[in-house]
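What follows is one structure encoded as structure tokens, with my remarks underneath.
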Amino acid sequence: AAMAHLQLRNWGYARDHSLTALEYNDKNIKSWYRLSKAYKELGDWVACGDAIHNGLEAADGGAGSDELKRLERTLNSKIRTAKLQKQKRERARAERVSNVKKVWKWCNENSIQLGRLPLVASVTDEEENDAHSEIQENRWHHHHPHTGKLPTQINENEFSWPVMFVYPASGQSDFIEYFSESEMIALRMAEIFPELEDEKDETTMPWDYNNEYTCSNLVVYFEVHDVRGPDNIDLVIHPEFVEKLESQGEAIRFFEASRALKGDEGPDMASLVRAVERKKLHQQRKVWKKNHGSLWSRPGPCPLIQVHPATTLKDVLKHKSMVVPNFLPTFLLFPFDHPAHQKFLKERQIIGVIQPNSVV
């Protein structure tokens, strides 16, 4: 059957039938050769090299080994390159996992809560190609993008975090790659939005038409994503909202899935992770619909915590209402008198204020 499928160029079936044949007789040299050919046509060079190696071991220099040796000589360069790339990916993966473990340990010790958003916006290819879904996905990833960056350890007592400043009134944002926990929010605000020395001066942002974006004129908030209390700990989370990461394993799986979708593990792994994430999103939608009737029956907007600019990043991270989405602390900044700010306050509820050195 494997030989027939090779002739018909059904490479996947040829691989599967060869593997089945080898389960019954792993000394069958022809099956090893057909398996090698199938992997070659599928472009799986590491598996192809392993099949050739196993076939040559089974042949032990006897009949049937010549074809495998010729195939090995022909594909030697591609197999060697693929194995080196695999080793490189495995080292990078091990380093990433180690880093996530360090971050999780630090967060655990410092009462910092982590969360995640779905890594896909659709459960089918058809839905993903739909224009409305593209708009929704762009909205999600503008507001809570996944940068692929992790907090990095500066010393034994401090980490540096990637941070996002979002300016909803202007539809703009700034990504700060390294923001030390001991830094005051105001220091970065002053760096990005310095005060004007003269009333005739203008801010440096081309989109700030009314010169409103100066450090002293900005109000800072973060969204409260986890609204569950002791009495509703099992509250169902809407698929578009932030879900808390409850364990180190969840944090590792989430980060590795995000890296796979960015292509770190190759196209096959990206497709597999996309399928797993779509299944998870489908299950979330199913549970939400069962409890609320429709996905359009959404919770109200997230409540807010106002942040005093003199507060340090660590004060914010340790606040009981802060859940860091996608390893990326995100702040909303508004010019105080901007109409969008006034409208925003009518739609949102402020449930607390963080003052310097007062974590509650």
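Letters for chains follow the order of the structure tokens (A, B, ...), residue numbers begin at 1 for each chain, and ligand numbers begin at 1 in the order shown.
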
Within 12 Å of Pro162 (chain A), counting only C-alpha atoms, which residues show up once you throw out same-chain ones fewer than 5 positions away? Write them as an NGL selection string, please. :A and (145-153 or 174-181 or 313 or 324-331)

Near-region 90-100 of chain A list (9 Å; only C-alpha atoms; drop same-chain fewer than 6 positions) as a ChimeraX atom specification: /A:150-152,248,251-252,255-256,264-265

Among the residues A:Gly43, A:Pro303, A:Gly249, A:Gly64, the one that comes closest to Gly352 (chain A) [using only C-alpha atoms]: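 The shortest atom-to-atom distance to Gly352 (chain A) comes from A:Pro303.
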
Atomic separation - CA of Ser160 (chain A) relative to CA of Met205 (chain A), Å: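 Between these atoms lies a distance of 26.1 Å.
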
So which residues touch Ser170 (chain A) within 10 Å, counting only C-alpha atoms, skipping near sequence neighbours fewer than 4 positions away, as a list in words?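 Surrounding residues, per the criterion: Val166, Trp207, Asp208, Tyr209, Phe334, Pro335 and Ala340 of chain A.
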
As a list in words, list the residues of region 199-274 of chain A assigned to strand (DSSP E or B) by DSSP on the backbone atoms of this structure.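 Strand (DSSP E or B) members of region 199-274 of chain A, listed: Leu218, Val219, Val220, Tyr221, Phe222, Glu223, Glu243 and Lys244 of chain A.
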
Please run DSSP on the backbone and report, as a PyMOL selection string, all residues within region 229-271 of chain A that come out as alpha helix (DSSP H). chain A and resi 248-261+267-271

Report, in Å to a single decimal, how far apart CA of Ile351 (chain A) and CA of Leu333 (chain A) are.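 Separation of CA of Leu333 (chain A) and CA of Ile351 (chain A): 16.8 Å.
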
Shell around Lys314 (chain A) at 10 Å using only C-alpha atoms, local window under 6 positions removed, as an MDAnalysis selection string: chainID A and resid 110 112 158:161 180:185 357 359

I'd like to know which of A:Thr203, A:Gln306, A:Asn10, A:Ser122 is closest to Lys280 (chain A), using only C-alpha atoms.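 Among the listed residues, A:Ser122 lies closest to Lys280 (chain A).
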
Can you tell me, as a count of residues only, what residues are no more than 12 Å from Glu212 (chain A) when counting only C-alpha atoms, ignoring any on the same chain fewer than 4 positions away? 27

Compile the contact shell of Lys244 (chain A) as a PyMOL selection string: residues with an atom at most 10 Å away, counting only C-alpha atoms, same-chain residues fewer than 4 positions apart removed. chain A and resi 113-117+225-226+237+250-251+323-326

Write the selection just made, keeping C-alpha atoms, as a short mmCIF file (atom, residue, chain, number, x, y, z; two decimals), in the first residue's frame?
```
data_model
loop_
_atom_site.label_atom_id
_atom_site.label_comp_id
_atom_site.auth_asym_id
_atom_site.auth_seq_id
_atom_site.Cartn_x
_atom_site.Cartn_y
_atom_site.Cartn_z
CA GLN A 113 -1.28 38.49 38.86
CA LEU A 114 -0.87 37.48 35.21
CA GLY A 115 -3.56 36.98 32.58
CA ARG A 116 -4.07 36.12 28.94
CA LEU A 117 -6.30 36.94 25.99
CA HIS A 225 -9.93 42.71 34.32
CA ASP A 226 -10.66 40.32 37.17
CA ILE A 237 -15.14 34.82 31.40
CA GLU A 250 -0.59 27.67 32.08
CA ALA A 251 1.84 30.59 31.76
CA VAL A 323 -4.09 41.52 36.25
CA VAL A 324 -1.26 41.93 33.72
CA PRO A 325 -2.56 40.82 30.30
CA ASN A 326 -0.10 38.97 28.05
#
```

Write out as a PyMOL selection string which residues come within 10 Å of Ser31 (chain A) when counting only C-alpha atoms, dropping same-chain ones fewer than 6 positions away. chain A and resi 2-3+14-15+17-22+25+37+51+55

Separation of CA of Asp60 (chain A) from CA of Ser77 (chain A), in Å and rounded to one decimal: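 Spanning CA of Asp60 (chain A) to CA of Ser77 (chain A) is a straight-line distance of 23.0 Å.
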
Looking at only C-alpha atoms, which of A:Val236, A:Gln349, A:Val242, A:His308 is the one that sits closest to Lys290 (chain A)?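 Closest to Lys290 (chain A), using only C-alpha atoms: A:Val236.
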